[in-house]
file upload.cif (mmCIF, C-alpha atoms and all ligand atoms)
data_entry
loop_
_atom_site.label_atom_id
_atom_site.label_comp_id
_atom_site.auth_asym_id
_atom_site.auth_seq_id
_atom_site.Cartn_x
_atom_site.Cartn_y
_atom_site.Cartn_z
CA MET A 24 -1.23 37.33 1.96
CA SER A 25 0.23 33.90 2.71
CA LYS A 26 -1.02 30.83 0.91
CA ARG A 27 -3.30 28.38 2.68
CA ILE A 28 -2.55 24.74 3.36
CA LEU A 29 -5.18 22.22 4.34
CA ALA A 30 -3.58 19.28 6.21
CA TYR A 31 -5.83 16.32 6.98
CA ARG A 32 -3.48 13.65 8.31
CA ARG A 33 -1.54 13.76 11.54
CA LEU A 34 1.60 15.94 11.42
CA ASN A 35 3.94 16.43 14.36
CA ASP A 36 4.56 19.78 16.04
CA HIS A 37 7.81 20.36 14.15
CA GLN A 38 6.09 19.72 10.81
CA LEU A 39 3.19 22.01 11.70
CA ASP A 40 5.62 24.74 12.84
CA GLN A 41 7.49 24.43 9.55
CA LEU A 42 4.30 24.89 7.57
CA ARG A 43 2.99 27.68 9.80
CA SER A 44 6.24 29.62 9.33
CA GLN A 45 5.22 30.17 5.70
CA PHE A 46 1.53 29.44 5.30
CA HIS A 47 -1.83 29.73 6.94
CA VAL A 48 -2.58 26.14 7.99
CA ASP A 49 -6.01 24.54 8.47
CA TYR A 50 -5.31 21.31 10.32
CA PHE A 51 -7.48 18.23 10.87
CA ASP A 52 -5.48 15.57 12.73
CA LYS A 53 -8.31 13.07 12.16
CA LEU A 54 -10.80 13.67 9.38
CA GLU A 55 -13.98 11.61 9.72
CA SER A 56 -15.40 12.55 6.32
CA PRO A 57 -14.60 14.93 3.45
CA ASP A 58 -18.21 16.11 3.86
CA ASP A 59 -17.29 17.75 7.19
CA PRO A 60 -18.40 21.40 6.68
CA ALA A 61 -15.21 22.76 8.29
CA PHE A 62 -13.12 20.68 5.89
CA ARG A 63 -15.19 21.94 2.94
CA GLU A 64 -14.73 25.52 4.08
CA ALA A 65 -10.94 25.07 4.34
CA LEU A 66 -10.90 23.24 1.00
CA SER A 67 -12.60 26.16 -0.72
CA GLN A 68 -9.63 28.37 0.16
CA ALA A 69 -6.71 25.91 0.05
CA HIS A 70 -3.72 26.36 -2.25
CA GLY A 71 -2.14 23.14 -1.01
CA LEU A 72 -3.43 19.85 0.42
CA ILE A 73 -1.40 17.51 2.61
CA GLY A 74 -2.97 14.20 3.57
CA ALA A 75 -4.01 10.70 2.57
CA GLY A 76 -7.02 8.46 2.52
CA VAL A 77 -9.44 10.86 0.80
CA THR A 78 -10.42 10.08 -2.79
CA MET A 79 -10.10 13.34 -4.67
CA THR A 80 -13.20 13.21 -6.82
CA PRO A 81 -13.87 15.84 -9.51
CA GLU A 82 -16.57 17.16 -7.17
CA LEU A 83 -14.01 17.73 -4.39
CA LEU A 84 -11.61 19.33 -6.86
CA ASP A 85 -14.39 21.64 -8.06
CA ALA A 86 -14.82 22.65 -4.42
CA ALA A 87 -11.12 23.67 -4.31
CA PRO A 88 -10.82 26.43 -6.94
CA ASN A 89 -7.47 27.76 -5.63
CA LEU A 90 -5.73 24.40 -5.42
CA GLU A 91 -2.19 24.36 -6.82
CA ALA A 92 -0.54 21.30 -5.28
CA ILE A 93 -1.30 18.10 -3.37
CA ALA A 94 1.33 16.37 -1.23
CA SER A 95 -0.05 12.91 -0.59
CA ILE A 96 1.28 11.07 2.46
CA SER A 97 1.44 7.81 0.52
CA VAL A 98 3.35 6.24 -2.33
CA GLY A 99 0.16 4.89 -3.96
CA VAL A 100 -1.71 7.56 -5.92
CA ASP A 101 -4.88 5.61 -6.67
CA ASN A 102 -6.95 8.14 -4.68
CA TYR A 103 -6.29 10.67 -7.44
CA SER A 104 -6.93 10.82 -11.14
CA VAL A 105 -3.48 11.99 -12.18
CA ASP A 106 -4.70 12.99 -15.65
CA GLU A 107 -7.51 15.06 -14.15
CA LEU A 108 -5.05 16.82 -11.82
CA THR A 109 -2.68 17.50 -14.69
CA THR A 110 -5.49 18.94 -16.82
CA ARG A 111 -6.41 21.23 -13.95
CA GLY A 112 -2.76 22.28 -13.49
CA ILE A 113 -2.56 20.73 -10.02
CA LEU A 114 0.82 19.25 -9.07
CA LEU A 115 0.71 15.91 -7.21
CA CYS A 116 3.59 14.62 -5.04
CA ASN A 117 3.90 11.30 -3.19
CA THR A 118 6.27 9.64 -0.69
CA PRO A 119 8.22 6.82 -2.37
CA ASP A 120 11.40 5.31 -0.85
CA VAL A 121 10.88 6.37 2.77
CA LEU A 122 8.32 3.58 3.28
CA THR A 123 9.85 0.85 1.14
CA GLU A 124 11.68 -1.14 3.83
CA THR A 125 8.90 -0.85 6.41
CA THR A 126 6.26 -2.02 3.94
CA ALA A 127 8.54 -4.89 2.93
CA ASP A 128 8.79 -5.84 6.63
CA THR A 129 4.99 -5.99 6.75
CA GLY A 130 4.88 -8.10 3.60
CA PHE A 131 7.42 -10.52 4.95
CA SER A 132 5.71 -10.74 8.32
CA LEU A 133 2.54 -11.79 6.47
CA ILE A 134 4.51 -14.50 4.68
CA MET A 135 5.89 -15.80 7.99
CA ALA A 136 2.66 -15.46 9.94
CA SER A 137 0.60 -17.22 7.26
CA ALA A 138 3.05 -20.06 6.69
CA ARG A 139 3.62 -20.75 10.38
CA ARG A 140 0.01 -20.01 11.36
CA VAL A 141 1.23 -17.53 13.97
CA VAL A 142 -2.06 -15.69 14.57
CA GLU A 143 -4.23 -18.82 14.53
CA LEU A 144 -1.96 -20.67 16.97
CA ALA A 145 -1.41 -17.67 19.24
CA ASP A 146 -5.22 -17.49 19.50
CA TYR A 147 -5.25 -21.21 20.33
CA VAL A 148 -2.90 -20.59 23.23
CA ARG A 149 -4.84 -17.50 24.34
CA ARG A 150 -8.09 -19.49 24.42
CA GLY A 151 -6.45 -22.03 26.75
CA ASP A 152 -6.72 -24.84 24.15
CA TRP A 153 -3.06 -25.85 24.49
CA LYS A 154 -3.55 -28.90 26.69
CA SER A 155 -1.05 -31.32 25.13
CA SER A 156 1.71 -31.36 22.51
CA ILE A 157 0.48 -30.06 19.19
CA GLY A 158 0.09 -32.50 16.29
CA PRO A 159 0.23 -32.36 12.51
CA GLU A 160 -3.12 -30.59 12.37
CA GLN A 161 -1.34 -27.54 13.77
CA PHE A 162 1.81 -27.80 11.68
CA GLY A 163 2.63 -25.03 9.25
CA SER A 164 4.85 -25.02 6.20
CA ASP A 165 8.43 -23.88 5.68
CA VAL A 166 9.32 -20.49 4.29
CA HIS A 167 13.05 -20.98 3.79
CA GLY A 168 14.01 -22.54 0.50
CA LYS A 169 10.56 -22.10 -1.03
CA THR A 170 9.60 -20.18 -4.20
CA LEU A 171 8.42 -16.61 -3.77
CA GLY A 172 6.53 -15.19 -6.74
CA MET A 173 6.48 -11.40 -6.88
CA VAL A 174 3.63 -9.91 -8.90
CA GLY A 175 5.18 -6.47 -9.40
CA PHE A 176 8.88 -6.00 -8.78
CA GLY A 177 9.33 -2.32 -7.97
CA ARG A 178 10.79 -0.74 -4.84
CA ILE A 179 8.74 -2.70 -2.30
CA GLY A 180 8.63 -5.92 -4.31
CA GLN A 181 12.40 -5.92 -4.60
CA ALA A 182 12.82 -5.26 -0.88
CA ILE A 183 10.58 -8.24 -0.05
CA ALA A 184 12.44 -10.42 -2.54
CA ARG A 185 15.75 -9.39 -0.98
CA ARG A 186 14.52 -10.56 2.41
CA GLY A 187 13.36 -13.84 0.88
CA ALA A 188 16.44 -14.56 -1.23
CA LEU A 189 19.18 -13.35 1.08
CA GLY A 190 17.58 -14.11 4.45
CA PHE A 191 15.61 -17.27 3.72
CA GLY A 192 17.28 -18.80 0.68
CA MET A 193 14.10 -18.46 -1.35
CA LYS A 194 13.92 -18.81 -5.10
CA ILE A 195 12.48 -15.61 -6.61
CA LEU A 196 10.20 -15.38 -9.64
CA TYR A 197 8.78 -12.08 -10.82
CA ALA A 198 6.09 -11.02 -13.29
CA LYS A 199 4.21 -7.89 -14.30
CA ALA A 200 7.41 -5.85 -14.27
CA SER A 201 10.04 -4.83 -16.78
CA PRO A 202 13.27 -6.87 -16.83
CA LYS A 203 15.62 -6.23 -13.90
CA PRO A 204 18.98 -7.76 -14.87
CA ASP A 205 20.77 -6.33 -11.80
CA LEU A 206 18.25 -7.92 -9.45
CA GLU A 207 18.46 -11.17 -11.37
CA ALA A 208 22.21 -11.17 -10.75
CA GLU A 209 21.92 -10.08 -7.11
CA LEU A 210 19.10 -12.37 -6.04
CA GLY A 211 19.05 -15.08 -8.67
CA ALA A 212 15.56 -13.83 -9.55
CA ARG A 213 13.90 -14.97 -12.77
CA ARG A 214 11.31 -13.06 -14.79
CA CYS A 215 8.45 -15.09 -16.20
CA GLU A 216 4.85 -14.82 -17.34
CA LEU A 217 2.24 -14.42 -14.63
CA ASP A 218 0.72 -17.85 -15.32
CA GLU A 219 4.04 -19.62 -14.82
CA LEU A 220 4.66 -17.67 -11.63
CA LEU A 221 1.24 -18.66 -10.29
CA GLN A 222 1.81 -22.32 -11.09
CA GLN A 223 5.28 -22.52 -9.56
CA SER A 224 5.20 -20.28 -6.49
CA ASP A 225 4.67 -21.37 -2.90
CA PHE A 226 4.02 -17.73 -1.99
CA VAL A 227 2.41 -15.33 -4.44
CA CYS A 228 2.87 -11.73 -3.37
CA ALA A 229 0.98 -8.89 -5.10
CA ILE A 230 2.73 -5.51 -4.94
CA VAL A 231 1.70 -3.49 -7.98
CA PRO A 232 0.07 -0.05 -7.96
CA LEU A 233 -3.70 0.01 -8.48
CA THR A 234 -4.30 1.16 -12.06
CA PRO A 235 -6.92 0.28 -14.69
CA GLU A 236 -4.50 -2.45 -15.90
CA THR A 237 -3.97 -4.02 -12.46
CA ARG A 238 -7.57 -3.83 -11.17
CA GLN A 239 -8.68 -7.43 -10.45
CA LEU A 240 -5.40 -8.71 -11.88
CA ILE A 241 -5.76 -11.76 -9.61
CA GLY A 242 -9.16 -13.44 -10.04
CA ALA A 243 -10.77 -16.89 -10.17
CA ARG A 244 -8.61 -18.03 -13.09
CA GLU A 245 -5.41 -16.95 -11.35
CA PHE A 246 -6.36 -18.71 -8.08
CA GLU A 247 -7.08 -21.87 -10.07
CA LEU A 248 -3.56 -21.77 -11.45
CA MET A 249 -1.96 -21.57 -7.99
CA LYS A 250 -0.76 -24.62 -6.08
CA GLU A 251 -3.14 -26.07 -3.47
CA SER A 252 -0.39 -25.39 -0.94
CA ALA A 253 0.07 -21.76 -2.09
CA ILE A 254 -0.22 -18.78 0.21
CA PHE A 255 -1.38 -15.52 -1.34
CA ILE A 256 -0.08 -12.24 0.06
CA ASN A 257 -1.59 -8.87 -0.82
CA ILE A 258 -0.01 -5.66 0.41
CA SER A 259 -0.75 -3.56 -2.68
CA ARG A 260 -4.42 -2.54 -2.87
CA GLY A 261 -7.55 -4.61 -2.28
CA GLN A 262 -8.93 -3.90 -5.75
CA VAL A 263 -5.96 -5.64 -7.38
CA VAL A 264 -7.73 -8.87 -6.39
CA ASP A 265 -11.23 -10.19 -7.04
CA GLU A 266 -12.05 -10.57 -3.33
CA GLN A 267 -15.03 -12.91 -3.86
CA ALA A 268 -12.90 -15.22 -5.98
CA MET A 269 -10.19 -15.14 -3.30
CA ILE A 270 -12.69 -16.01 -0.54
CA GLN A 271 -13.96 -18.91 -2.64
CA ALA A 272 -10.42 -20.16 -3.27
CA LEU A 273 -9.67 -19.99 0.46
CA GLU A 274 -12.93 -21.65 1.52
CA SER A 275 -12.70 -24.45 -1.01
CA GLY A 276 -9.08 -25.27 -0.24
CA GLN A 277 -7.99 -24.28 -3.73
CA ILE A 278 -5.17 -22.39 -2.01
CA ARG A 279 -3.89 -22.88 1.52
CA GLY A 280 -4.02 -19.43 2.98
CA ALA A 281 -3.70 -15.69 2.60
CA GLY A 282 -1.93 -12.84 4.32
CA LEU A 283 -3.74 -9.59 3.61
CA ASP A 284 -3.02 -5.98 4.52
CA VAL A 285 -5.49 -4.45 2.06
CA PHE A 286 -9.10 -5.08 1.09
CA GLU A 287 -11.69 -4.06 -1.47
CA GLN A 288 -13.46 -2.00 1.21
CA GLU A 289 -11.53 -0.53 4.13
CA PRO A 290 -12.12 -0.77 7.03
CA LEU A 291 -13.35 -4.34 6.46
CA GLN A 292 -17.13 -4.62 6.65
CA SER A 293 -18.57 -6.65 9.55
CA ASP A 294 -20.11 -9.16 7.12
CA SER A 295 -16.76 -10.02 5.53
CA PRO A 296 -15.82 -13.64 6.32
CA LEU A 297 -12.10 -12.89 5.97
CA PRO A 298 -11.25 -11.98 9.60
CA ARG A 299 -12.92 -15.17 10.86
CA MET A 300 -11.20 -17.54 8.44
CA PRO A 301 -8.47 -19.51 10.24
CA ASN A 302 -6.30 -19.64 7.11
CA VAL A 303 -6.30 -15.85 6.73
CA VAL A 304 -4.09 -13.32 8.46
CA ALA A 305 -5.87 -9.98 8.04
CA LEU A 306 -4.19 -6.71 9.01
CA PRO A 307 -5.75 -3.21 9.09
CA HIS A 308 -3.66 -1.69 6.26
CA ILE A 309 -0.49 -1.27 8.33
CA GLY A 310 2.08 -1.55 5.53
CA SER A 311 3.96 1.64 6.41
CA ALA A 312 2.51 2.10 9.90
CA THR A 313 5.50 2.49 12.19
CA HIS A 314 6.25 5.62 14.19
CA GLU A 315 9.49 6.18 12.30
CA THR A 316 8.10 5.67 8.82
CA ARG A 317 4.86 7.58 9.23
CA THR A 318 6.91 10.50 10.59
CA ALA A 319 9.25 10.28 7.61
CA MET A 320 6.33 10.13 5.16
CA ALA A 321 4.66 13.18 6.69
CA GLN A 322 8.00 15.00 6.60
CA ARG A 323 8.44 14.13 2.93
CA ALA A 324 4.97 15.51 2.20
CA VAL A 325 5.70 18.73 4.09
CA ASP A 326 9.04 19.11 2.28
CA ASN A 327 7.37 18.45 -1.08
CA MET A 328 4.73 21.10 -0.40
CA MET A 329 7.18 23.74 0.85
CA LEU A 330 9.45 23.27 -2.15
CA ALA A 331 6.59 23.23 -4.66
CA LEU A 332 4.85 26.35 -3.39
CA ASP A 333 8.25 28.06 -3.38
CA GLY A 334 8.53 27.26 -7.12
CA LYS A 335 11.28 24.66 -6.55
CA ARG A 336 11.24 21.10 -7.76
CA PRO A 337 9.74 18.90 -5.00
CA LEU A 338 11.53 15.72 -3.92
CA SER A 339 8.95 13.35 -5.39
CA PRO A 340 6.58 14.85 -7.95
CA VAL A 341 4.17 12.50 -9.73
CA ASN A 342 2.96 14.77 -12.55
CA GLU A 343 5.59 17.47 -13.04
CA GLU A 344 4.00 18.22 -16.41
CA ALA A 345 1.02 19.74 -14.57
CA TRP A 346 3.13 22.82 -13.91
CA GLY A 347 4.92 22.93 -17.25
CA ASP A 348 8.10 25.00 -16.81
CA LYS A 349 6.91 26.63 -13.57
CA LEU A 350 9.36 24.54 -11.47
CA ASN A 351 13.07 25.23 -11.21
P1 LIG A 401 6.87 0.89 -7.69
O1 LIG A 401 8.29 1.01 -7.27
O2 LIG A 401 6.32 1.85 -8.67
O3 LIG A 401 6.66 -0.61 -8.24
C1 LIG A 401 5.52 -1.01 -8.92
C2 LIG A 401 5.77 -2.33 -9.63
O4 LIG A 401 4.57 -2.73 -10.27
C3 LIG A 401 6.84 -2.23 -10.72
O5 LIG A 401 7.57 -3.43 -10.80
C4 LIG A 401 6.01 -2.01 -11.97
O6 LIG A 401 6.64 -2.46 -13.16
C5 LIG A 401 4.84 -2.93 -11.67
N1 LIG A 401 3.64 -2.69 -12.47
C6 LIG A 401 2.90 -3.65 -13.06
N2 LIG A 401 1.86 -3.14 -13.69
C7 LIG A 401 1.92 -1.81 -13.56
C8 LIG A 401 1.11 -0.74 -14.02
N3 LIG A 401 0.03 -0.95 -14.75
N4 LIG A 401 1.49 0.53 -13.69
C9 LIG A 401 2.58 0.76 -12.93
N5 LIG A 401 3.39 -0.25 -12.46
C10 LIG A 401 3.05 -1.51 -12.77
O7 LIG A 401 5.91 0.97 -6.43
P2 LIG A 401 6.20 0.56 -4.91
O8 LIG A 401 6.81 1.68 -4.16
O9 LIG A 401 6.84 -0.79 -4.88
O10 LIG A 401 4.68 0.46 -4.38
C11 LIG A 401 3.76 -0.40 -5.03
C12 LIG A 401 2.35 -0.21 -4.48
O11 LIG A 401 2.27 -0.74 -3.18
C13 LIG A 401 1.89 1.25 -4.30
O12 LIG A 401 1.42 1.81 -5.50
C14 LIG A 401 0.80 1.12 -3.26
O13 LIG A 401 -0.45 0.93 -3.88
C15 LIG A 401 1.18 -0.16 -2.51
N6 LIG A 401 1.57 0.14 -1.11
C16 LIG A 401 0.84 -0.39 -0.10
C17 LIG A 401 1.20 -0.13 1.20
C18 LIG A 401 0.42 -0.67 2.35
O14 LIG A 401 0.31 0.01 3.36
N7 LIG A 401 -0.10 -1.88 2.27
C19 LIG A 401 2.32 0.70 1.48
C20 LIG A 401 3.05 1.19 0.41
C21 LIG A 401 2.67 0.91 -0.89
P3 LIG A 401 8.08 -1.85 -13.63
O15 LIG A 401 9.08 -2.54 -12.77
O16 LIG A 401 8.16 -2.24 -15.05
O17 LIG A 401 8.01 -0.38 -13.38
#
call {"tool": "encode", "arguments": {"input": "upload.cif", "output": "structure tokens"}}
result
Amino acid sequence: MSKRILAYRRLNDHQLDQLRSQFHVDYFDKLESPDDPAFREALSQAHGLIGAGVTMTPELLDAAPNLEAIASISVGVDNYSVDELTTRGILLCNTPDVLTETTADTGFSLIMASARRVVELADYVRRGDWKSSIGPEQFGSDVHGKTLGMVGFGRIGQAIARRGALGFGMKILYAKASPKPDLEAELGARRCELDELLQQSDFVCAIVPLTPETRQLIGAREFELMKESAIFINISRGQVVDEQAMIQALESGQIRGAGLDVFEQEPLQSDSPLPRMPNVVALPHIGSATHETRTAMAQRAVDNMMLALDGKRPLSPVNEEAWGDKLN
């Protein structure tokens, strides 16, 4: 009897055909809630899960007694307790690399849009308020030549820094990352303590994974250290920031603006002031959301799952140890 895969994010026909050639596939192209009875029924039989956006609680894992592997369509794995999966012998795979450049494009577009007030001023034109030449009250600030502080300097952080250093002549600082001598040589980047980065940067960009150590890494104290002219960019996870402290810093003028792709609660709640603040550019978590990249991420997840359930090493395992020497 073939193994069963539960897929709960959109896959294209080719990807579904690939899976169906080897497995029985239960497919939800849009899952409203993990409490959906049909999802629960499929979960109870699944050997493999392919998807994203569902927090895999112990309760959900208990409801999946046959589960062997999860292929997440994401690079971030904060929806899973990796230790818990490992203890249960469940292999987790993710999709690094294929989304790096696209997510860096999103990060850099937030830098540009925030500094040059692109959304605010496009709205001004759309409202018909452009009646005469704009004045200093509508001016933005330069991006080129400024200091870009990267909080986290992994794949995506480096790709953003490359855009800044090589495309815009920006000076790069980085913190909360191990030393990267090659990048220092390539981009003239300098590693420093987080406090120094916060004090010196014109743009502070958070791009660390969400872990117990990075939860609320940027809070009231950190906003106080930033320049009044600083723009804060978050494309990592909302919980990396104390959102109330950020709102206060933005409202009080302690920092100049923010470009945000991620929030404490997603989708943003209607009572959040963030979308209405003129000095905030808020996006609906679109870091990797291009046709090309979402297709590549789904393909990576399908490839990971097919390899894993065939006993071969997947392309991007997160907790290989979960399967001991089962992989070859
Ligand atoms: P990565 O290559 O693993 O880089 C992570 C960076 O954070 C590294 O520089 C790492 O330090 C540093 N870091 C600091 N504290 C850490 C800790 N406690 N644990 C692990 N690393 C820590 O990851 P990436 O591919 O750049 O992705 C980063 C995060 O971006 C993802 O985890 C995800 O949450 C988020 N993301 C968001 C979107 C979106 O749609 N907005 C899209 C993709 C990814 P070292 O250099 O010393 O390893």
call {"tool": "residues_near_ligand", "arguments": {"input": "upload.cif", "ligand": "ligand LIG 401 (chain A)", "cutoff": "9 Å", "atoms": "all atoms listed in the file", "output": "number ranges by chain"}}
result
A: 97-101, 118-120, 122-123, 125-127, 129-130, 173-182, 197-203, 229-238, 257-260, 283-285, 307-312
call {"tool": "atom_distance", "arguments": {"input": "upload.cif", "atom1": "atom CA of A:Ala345", "atom2": "atom CA of A:Gly74"}}
result
19.4 Å
call {"tool": "closest_residue", "arguments": {"input": "upload.cif", "among": "A:Arg32, A:Arg111, A:Lys53, A:Arg299", "to": "A:Glu143", "atoms": "only C-alpha atoms"}}
result
A:Arg299
call {"tool": "residues_around", "arguments": {"input": "upload.cif", "residues": "A:Met193", "least_positions_apart": "6", "cutoff": "7 Å", "atoms": "only C-alpha atoms", "output": "list in words"}}
result
His167, Gly168, Lys169, Thr170, Leu171 and Gly187 of chain A
call {"tool": "atom_distance", "arguments": {"input": "upload.cif", "atom1": "atom CA of A:Gly261", "atom2": "atom CA of A:Phe131"}}
result
17.6 Å
call {"tool": "residues_near_point", "arguments": {"input": "upload.cif", "point": "(-8.0, 13.2, -7.5)", "cutoff": "10 Å", "atoms": "only C-alpha atoms", "output": "MDAnalysis selection string"}}
result
chainID A and resid 77:84 93 100:109 113 115
call {"tool": "write_last_selection", "arguments": {"input": "upload.cif", "atoms": "C-alpha atoms", "output": "mmCIF file, in the frame of the given file"}}
result
data_model
loop_
_atom_site.group_PDB
_atom_site.id
_atom_site.type_symbol
_atom_site.label_atom_id
_atom_site.label_comp_id
_atom_site.auth_asym_id
_atom_site.auth_seq_id
_atom_site.Cartn_x
_atom_site.Cartn_y
_atom_site.Cartn_z
ATOM 1 C CA VAL A 77 -9.440 10.860 0.800
ATOM 2 C CA THR A 78 -10.420 10.080 -2.790
ATOM 3 C CA MET A 79 -10.100 13.340 -4.670
ATOM 4 C CA THR A 80 -13.200 13.210 -6.820
ATOM 5 C CA PRO A 81 -13.870 15.840 -9.510
ATOM 6 C CA GLU A 82 -16.570 17.160 -7.170
ATOM 7 C CA LEU A 83 -14.010 17.730 -4.390
ATOM 8 C CA LEU A 84 -11.610 19.330 -6.860
ATOM 9 C CA ILE A 93 -1.300 18.100 -3.370
ATOM 10 C CA VAL A 100 -1.710 7.560 -5.920
ATOM 11 C CA ASP A 101 -4.880 5.610 -6.670
ATOM 12 C CA ASN A 102 -6.950 8.140 -4.680
ATOM 13 C CA TYR A 103 -6.290 10.670 -7.440
ATOM 14 C CA SER A 104 -6.930 10.820 -11.140
ATOM 15 C CA VAL A 105 -3.480 11.990 -12.180
ATOM 16 C CA ASP A 106 -4.700 12.990 -15.650
ATOM 17 C CA GLU A 107 -7.510 15.060 -14.150
ATOM 18 C CA LEU A 108 -5.050 16.820 -11.820
ATOM 19 C CA THR A 109 -2.680 17.500 -14.690
ATOM 20 C CA ILE A 113 -2.560 20.730 -10.020
ATOM 21 C CA LEU A 115 0.710 15.910 -7.210
#
call {"tool": "closest_residue", "arguments": {"input": "upload.cif", "among": "A:Val264, A:Leu189, A:Leu248, A:Met320", "to": "A:Leu34", "atoms": "only C-alpha atoms"}}
result
A:Met320
call {"tool": "closest_residue", "arguments": {"input": "upload.cif", "among": "A:Ala65, A:Cys215, A:Leu332, A:Ile183", "to": "A:Leu196", "atoms": "only C-alpha atoms"}}
result
A:Cys215
call {"tool": "residues_around", "arguments": {"input": "upload.cif", "residues": "A:Val341", "least_positions_apart": "4", "cutoff": "8 Å", "atoms": "only C-alpha atoms", "output": "NGL selection string"}}
result
:A and (114-117)
call {"tool": "atom_distance", "arguments": {"input": "upload.cif", "atom1": "atom CA of A:Phe255", "atom2": "atom CA of A:Gly280"}}
result
6.4 Å
call {"tool": "closest_residue", "arguments": {"input": "upload.cif", "among": "A:Phe62, A:Tyr147, A:Trp346, A:Phe226", "to": "A:Met135", "atoms": "only C-alpha atoms"}}
result
A:Phe226
call {"tool": "residues_around", "arguments": {"input": "upload.cif", "residues": "A:Asn351", "least_positions_apart": "2", "cutoff": "12 Å", "atoms": "all atoms listed in the file", "output": "VMD selection string"}}
result
chain A and resid 330 to 337 343 346 to 349
call {"tool": "write_last_selection", "arguments": {"input": "upload.cif", "atoms": "C-alpha atoms", "output": "PDB file, in the coordinates of the input"}}
result
ATOM      1  CA  LEU A 330       9.450  23.270  -2.150  1.00  0.00           C
ATOM      2  CA  ALA A 331       6.590  23.230  -4.660  1.00  0.00           C
ATOM      3  CA  LEU A 332       4.850  26.350  -3.390  1.00  0.00           C
ATOM      4  CA  ASP A 333       8.250  28.060  -3.380  1.00  0.00           C
ATOM      5  CA  GLY A 334       8.530  27.260  -7.120  1.00  0.00           C
ATOM      6  CA  LYS A 335      11.280  24.660  -6.550  1.00  0.00           C
ATOM      7  CA  ARG A 336      11.240  21.100  -7.760  1.00  0.00           C
ATOM      8  CA  PRO A 337       9.740  18.900  -5.000  1.00  0.00           C
ATOM      9  CA  GLU A 343       5.590  17.470 -13.040  1.00  0.00           C
ATOM     10  CA  TRP A 346       3.130  22.820 -13.910  1.00  0.00           C
ATOM     11  CA  GLY A 347       4.920  22.930 -17.250  1.00  0.00           C
ATOM     12  CA  ASP A 348       8.100  25.000 -16.810  1.00  0.00           C
ATOM     13  CA  LYS A 349       6.910  26.630 -13.570  1.00  0.00           C
TER      14      LYS A 349
END
call {"tool": "closest_residue", "arguments": {"input": "upload.cif", "among": "A:Ala30, A:Val141, A:Leu291, A:Ala188", "to": "A:Ala212", "atoms": "all atoms listed in the file"}}
result
A:Ala188
call {"tool": "axis_aligned_box", "arguments": {"input": "upload.cif", "around": "stretch 330-344 of chain A", "padding_each_side": "8 Å", "output": "lines of an AutoDock Vina configuration file"}}
result
center_x = 7.2
center_y = 20.3
center_z = -9.3
size_x = 24.6
size_y = 31.6
size_z = 30.3
call {"tool": "closest_residue", "arguments": {"input": "upload.cif", "among": "A:Ala319, A:Ala208, A:Ile134, A:Leu306", "to": "A:Pro290", "atoms": "all atoms listed in the file"}}
result
A:Leu306
call {"tool": "decode", "arguments": {"input": "upload.cif", "residues": "stretch 203-211 of chain A", "atoms": "N, CA, C and O atoms", "output": "PDB file, in the first residue's frame"}}
result
ATOM      1  N   LYS A 203      32.219  36.873   9.579  1.00  0.00           N
ATOM      2  CA  LYS A 203      32.158  36.503   8.155  1.00  0.00           C
ATOM      3  C   LYS A 203      33.286  37.232   7.423  1.00  0.00           C
ATOM      4  O   LYS A 203      33.032  38.236   6.742  1.00  0.00           O
ATOM      5  N   PRO A 204      34.525  36.748   7.561  1.00  0.00           N
ATOM      6  CA  PRO A 204      35.651  37.481   6.977  1.00  0.00           C
ATOM      7  C   PRO A 204      35.532  37.659   5.461  1.00  0.00           C
ATOM      8  O   PRO A 204      35.899  38.722   4.929  1.00  0.00           O
ATOM      9  N   ASP A 205      34.972  36.667   4.750  1.00  0.00           N
ATOM     10  CA  ASP A 205      34.849  36.793   3.295  1.00  0.00           C
ATOM     11  C   ASP A 205      33.925  37.953   2.928  1.00  0.00           C
ATOM     12  O   ASP A 205      34.198  38.715   2.006  1.00  0.00           O
ATOM     13  N   LEU A 206      32.808  38.044   3.666  1.00  0.00           N
ATOM     14  CA  LEU A 206      31.855  39.127   3.400  1.00  0.00           C
ATOM     15  C   LEU A 206      32.451  40.478   3.774  1.00  0.00           C
ATOM     16  O   LEU A 206      32.179  41.492   3.123  1.00  0.00           O
ATOM     17  N   GLU A 207      33.262  40.475   4.822  1.00  0.00           N
ATOM     18  CA  GLU A 207      33.898  41.723   5.234  1.00  0.00           C
ATOM     19  C   GLU A 207      34.804  42.204   4.108  1.00  0.00           C
ATOM     20  O   GLU A 207      34.825  43.390   3.767  1.00  0.00           O
ATOM     21  N   ALA A 208      35.509  41.254   3.482  1.00  0.00           N
ATOM     22  CA  ALA A 208      36.396  41.625   2.368  1.00  0.00           C
ATOM     23  C   ALA A 208      35.580  42.043   1.150  1.00  0.00           C
ATOM     24  O   ALA A 208      35.884  43.037   0.490  1.00  0.00           O
ATOM     25  N   GLU A 209      34.526  41.300   0.861  1.00  0.00           N
ATOM     26  CA  GLU A 209      33.736  41.568  -0.360  1.00  0.00           C
ATOM     27  C   GLU A 209      32.958  42.883  -0.266  1.00  0.00           C
ATOM     28  O   GLU A 209      32.883  43.646  -1.226  1.00  0.00           O
ATOM     29  N   LEU A 210      32.375  43.125   0.903  1.00  0.00           N
ATOM     30  CA  LEU A 210      31.433  44.249   1.013  1.00  0.00           C
ATOM     31  C   LEU A 210      31.940  45.371   1.913  1.00  0.00           C
ATOM     32  O   LEU A 210      31.258  46.377   2.091  1.00  0.00           O
ATOM     33  N   GLY A 211      33.108  45.175   2.492  1.00  0.00           N
ATOM     34  CA  GLY A 211      33.587  46.157   3.459  1.00  0.00           C
ATOM     35  C   GLY A 211      32.728  46.157   4.715  1.00  0.00           C
ATOM     36  O   GLY A 211      32.630  47.172   5.412  1.00  0.00           O
TER      37      GLY A 211
END
